[in-house]
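Peer 1: Dropping a structure here in structure tokens format, bear with me for questions.
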Amino acid sequence: MAEPFDALLCPLCGDGLRPRTGALGCARGHAFDIARQGYASLLVGGTSTASADTAAMVRARAAFLGAGHYAGLADTLAELAAPLCPPGGTVLDAGAGTGYYLSAVLDTVPGAVGLALDTSKHALRRAGRAHPRAGAARWDLRRPLPVRTGSVDVLLNVFAPRNGGEFRRVLRPGGALLVVTPTERHLGELRPSMGLLSVDPAKEARLRRALDGHFRLERTASYDRTVALTAEDAEHAAAMGPSAHHLDAAEVRRRAARLAAPLRVTTSFRLAVYRPCRHG
């Protein structure tokens with residue numbers, strides 16, 4: 001039976017990694033500690049993690065997701081992924097955050113194992129324990145992935161950067177890439193009151209450029225729901241995403257306290273299934 005870390009490669013020499021006592025190691029003697037929260041840090045050198053989720057962002061996201069506001073999205077993603085992953089297959093979540101969506105997918109595929117990659121050590125402390133069949137490793141998605149070629153059956157990319165060439169390389173020829181992006185309507189009612197960043201209208205064009213030549217679009221699905229948020233939910237929504245890098249926490253709290261709750265807010269996402277191109 002496959003194990004969560006089986007697909008990993010040593011970022012220093014490219015040999016396979018195997019679990020040791022409290023670490024992952026390769027045949028050439030390179031070793032990477034596994035934190036007590038269950039994730040391995042493979043980052044070496046001067047990689048910048050300035051854009052990684054902070055501890056405060058992760059706490060806000062865990063609270064927001066724990067309230068169930070995106071449970072329907074997780075279920076929809078899992079329904080798309082389930083028929084694409086064979087029993088006992090491997091699911092890679094590139095930009096996994098807390099492992100919330102990876103866990104939902106693993107629940108639908110008997111015996112499948114999952115690997116969560118993210119730059120945030122704060123998120124990985126949760127992802128490493130998100131599911132009994134999942135492992136987690138710290139890595140920058142902009143760099144070549146420390147993952148075996150052709151070892152992944154389903155690759156998840158939820159609100160995270162894309163690396164088209166590397167995503168294609170690690171997927172099996174019959175594998176699938178599932179990408180989730182917010183639409184321009186997402187959290188629209190919160191933007192003026194909470195100072196949230198708008199969804200870039202060029203986001204879909206950037207996605208196409210990132211995947212062009214590596215993947216072909218097979219199908220898309222939409223997920224649109226209206227949710228009722230408390231003032232605390234609205235604060236978490238503002239504090240958990242990219243807007244948090246630009247907002248003062250105290251100001252977010254003050255803005256949320258002025259909201260007339262419950263506030264009905266649109267959640268809107270595009271889910272897309274891609275298949276690897278035969279050439280590219």
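Identifiers in this document derive from the order of the structure tokens: chains are assigned A, B, ..., residues are numbered from 1 separately in each chain, and ligands are numbered from 1 in order of occurrence.
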Write out as a short mmCIF file (atom, residue, chain, number, x, y, z; two decimals) with all heavy atoms, in the first residue's frame the residues lying within 9 Å of Arg185 in chain A, counting only C-alpha atoms and excluding same-chain residues fewer than 3 positions away.
Peer 2:
data_model
loop_
_atom_site.label_atom_id
_atom_site.label_comp_id
_atom_site.auth_asym_id
_atom_site.auth_seq_id
_atom_site.Cartn_x
_atom_site.Cartn_y
_atom_site.Cartn_z
N PRO A 182 -11.73 31.67 -7.42
CA PRO A 182 -12.91 32.48 -7.13
C PRO A 182 -13.31 33.29 -8.36
O PRO A 182 -12.45 33.67 -9.17
CB PRO A 182 -12.42 33.40 -6.00
CG PRO A 182 -10.95 33.52 -6.24
CD PRO A 182 -10.50 32.20 -6.81
N GLY A 188 -18.42 39.55 -2.83
CA GLY A 188 -18.62 40.91 -3.32
C GLY A 188 -19.26 41.83 -2.29
O GLY A 188 -18.92 43.02 -2.23
N GLU A 189 -20.17 41.32 -1.49
CA GLU A 189 -20.85 42.16 -0.50
C GLU A 189 -19.91 42.62 0.63
O GLU A 189 -20.22 43.59 1.32
CB GLU A 189 -22.04 41.40 0.10
CG GLU A 189 -23.13 41.04 -0.89
CD GLU A 189 -22.86 39.74 -1.65
OE1 GLU A 189 -21.74 39.18 -1.49
OE2 GLU A 189 -23.74 39.29 -2.40
N VAL A 199 -11.24 40.50 -6.91
CA VAL A 199 -10.70 39.40 -7.71
C VAL A 199 -10.24 39.97 -9.05
O VAL A 199 -11.01 40.64 -9.74
CB VAL A 199 -11.75 38.30 -7.92
CG1 VAL A 199 -11.21 37.21 -8.83
CG2 VAL A 199 -12.18 37.71 -6.59
N THR A 266 -22.26 36.38 -1.07
CA THR A 266 -22.09 35.45 -2.19
C THR A 266 -20.75 34.74 -2.12
O THR A 266 -19.71 35.39 -1.94
CB THR A 266 -22.19 36.21 -3.53
OG1 THR A 266 -23.45 36.87 -3.62
CG2 THR A 266 -22.02 35.25 -4.71
N THR A 267 -20.78 33.43 -2.24
CA THR A 267 -19.55 32.65 -2.46
C THR A 267 -19.65 32.08 -3.86
O THR A 267 -20.65 31.46 -4.21
CB THR A 267 -19.37 31.53 -1.42
OG1 THR A 267 -20.46 30.61 -1.52
CG2 THR A 267 -19.34 32.11 -0.01
N SER A 268 -18.64 32.31 -4.66
CA SER A 268 -18.71 31.94 -6.08
C SER A 268 -17.36 31.45 -6.57
O SER A 268 -16.35 32.16 -6.45
CB SER A 268 -19.16 33.17 -6.90
OG SER A 268 -19.23 32.86 -8.27
N PHE A 269 -17.36 30.24 -7.14
CA PHE A 269 -16.12 29.61 -7.57
C PHE A 269 -16.29 28.93 -8.93
O PHE A 269 -17.38 28.51 -9.30
CB PHE A 269 -15.68 28.54 -6.56
CG PHE A 269 -15.56 29.04 -5.15
CD1 PHE A 269 -16.60 28.86 -4.25
CD2 PHE A 269 -14.43 29.71 -4.73
CE1 PHE A 269 -16.51 29.32 -2.94
CE2 PHE A 269 -14.32 30.17 -3.43
CZ PHE A 269 -15.36 29.98 -2.54
#
Peer 1: Neighbours of Gly174 in chain A within 8 Å (only C-alpha atoms; same-chain residues fewer than 3 positions away dropped), as a ChimeraX atom specification?
Peer 2: /A:153,171,275-276
Peer 1: Taking the chain letters and numbering used in this document, name the residues of range 44-247 of chain A that DSSP puts in strand (DSSP E), as number ranges by chain.
Peer 2: A: 90-94, 113-118, 134-138, 152-158, 171-182, 215-229
Peer 1: Based on the selection just made, write C-alpha atoms of those residues as a compact mmCIF listing (two decimals), in the first residue's frame.
Peer 2:
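Result went into result13.txt, see below:
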# COMPACT_ATOMS: atom_id res chain seq x y z
CA THR A 90 -2.10 9.35 -4.92
CA VAL A 91 -3.57 12.83 -4.54
CA LEU A 92 -1.25 15.84 -4.47
CA ASP A 93 -2.60 19.13 -3.13
CA ALA A 94 -0.34 21.91 -4.42
CA VAL A 113 -3.02 8.68 0.01
CA GLY A 114 -2.53 12.42 -0.05
CA LEU A 115 0.43 14.75 -0.04
CA ALA A 116 0.02 18.42 0.90
CA LEU A 117 2.58 20.97 -0.30
CA ASP A 118 2.61 24.55 0.99
CA ALA A 134 -2.15 12.34 4.27
CA GLY A 135 1.35 13.68 4.70
CA ALA A 136 2.59 17.25 4.33
CA ALA A 137 5.78 18.95 3.21
CA ARG A 138 6.96 22.55 3.06
CA VAL A 152 0.30 11.45 -9.00
CA ASP A 153 -3.23 10.44 -10.04
CA VAL A 154 -5.06 13.64 -9.08
CA LEU A 155 -3.51 17.05 -8.45
CA LEU A 156 -5.55 19.66 -6.56
CA ASN A 157 -4.85 23.38 -6.90
CA VAL A 158 -7.25 25.43 -4.80
CA LEU A 171 0.91 13.55 -13.08
CA ARG A 172 0.46 10.13 -14.57
CA PRO A 173 -0.46 10.21 -18.30
CA GLY A 174 -4.10 9.49 -17.40
CA GLY A 175 -4.13 11.77 -14.37
CA ALA A 176 -6.17 14.90 -13.79
CA LEU A 177 -5.57 18.42 -12.52
CA LEU A 178 -8.43 20.09 -10.62
CA VAL A 179 -8.22 23.87 -10.26
CA VAL A 180 -10.51 26.01 -8.11
CA THR A 181 -10.58 29.79 -8.51
CA PRO A 182 -12.91 32.48 -7.13
CA PHE A 215 -2.95 20.73 -20.13
CA ARG A 216 -6.21 20.65 -22.02
CA LEU A 217 -9.47 21.70 -20.37
CA GLU A 218 -11.87 18.77 -20.05
CA ARG A 219 -14.80 20.29 -18.15
CA THR A 220 -15.82 23.10 -15.84
CA ALA A 221 -18.34 23.45 -13.05
CA SER A 222 -19.64 26.42 -11.09
CA TYR A 223 -20.31 26.67 -7.39
CA ASP A 224 -22.41 29.64 -6.27
CA ARG A 225 -24.05 29.87 -2.87
CA THR A 226 -25.24 32.62 -0.56
CA VAL A 227 -24.10 32.21 3.04
CA ALA A 228 -25.14 34.05 6.20
CA LEU A 229 -22.13 35.44 8.05
Peer 1: Which polymer residues have any atom within 12 Å of an atom of Leu196 in chain A, counting only C-alpha atoms, with same-chain residues fewer than 4 positions away left out, as a PyMOL selection string?
Peer 2: chain A and resi 186-192+200+234-248+252+255-256
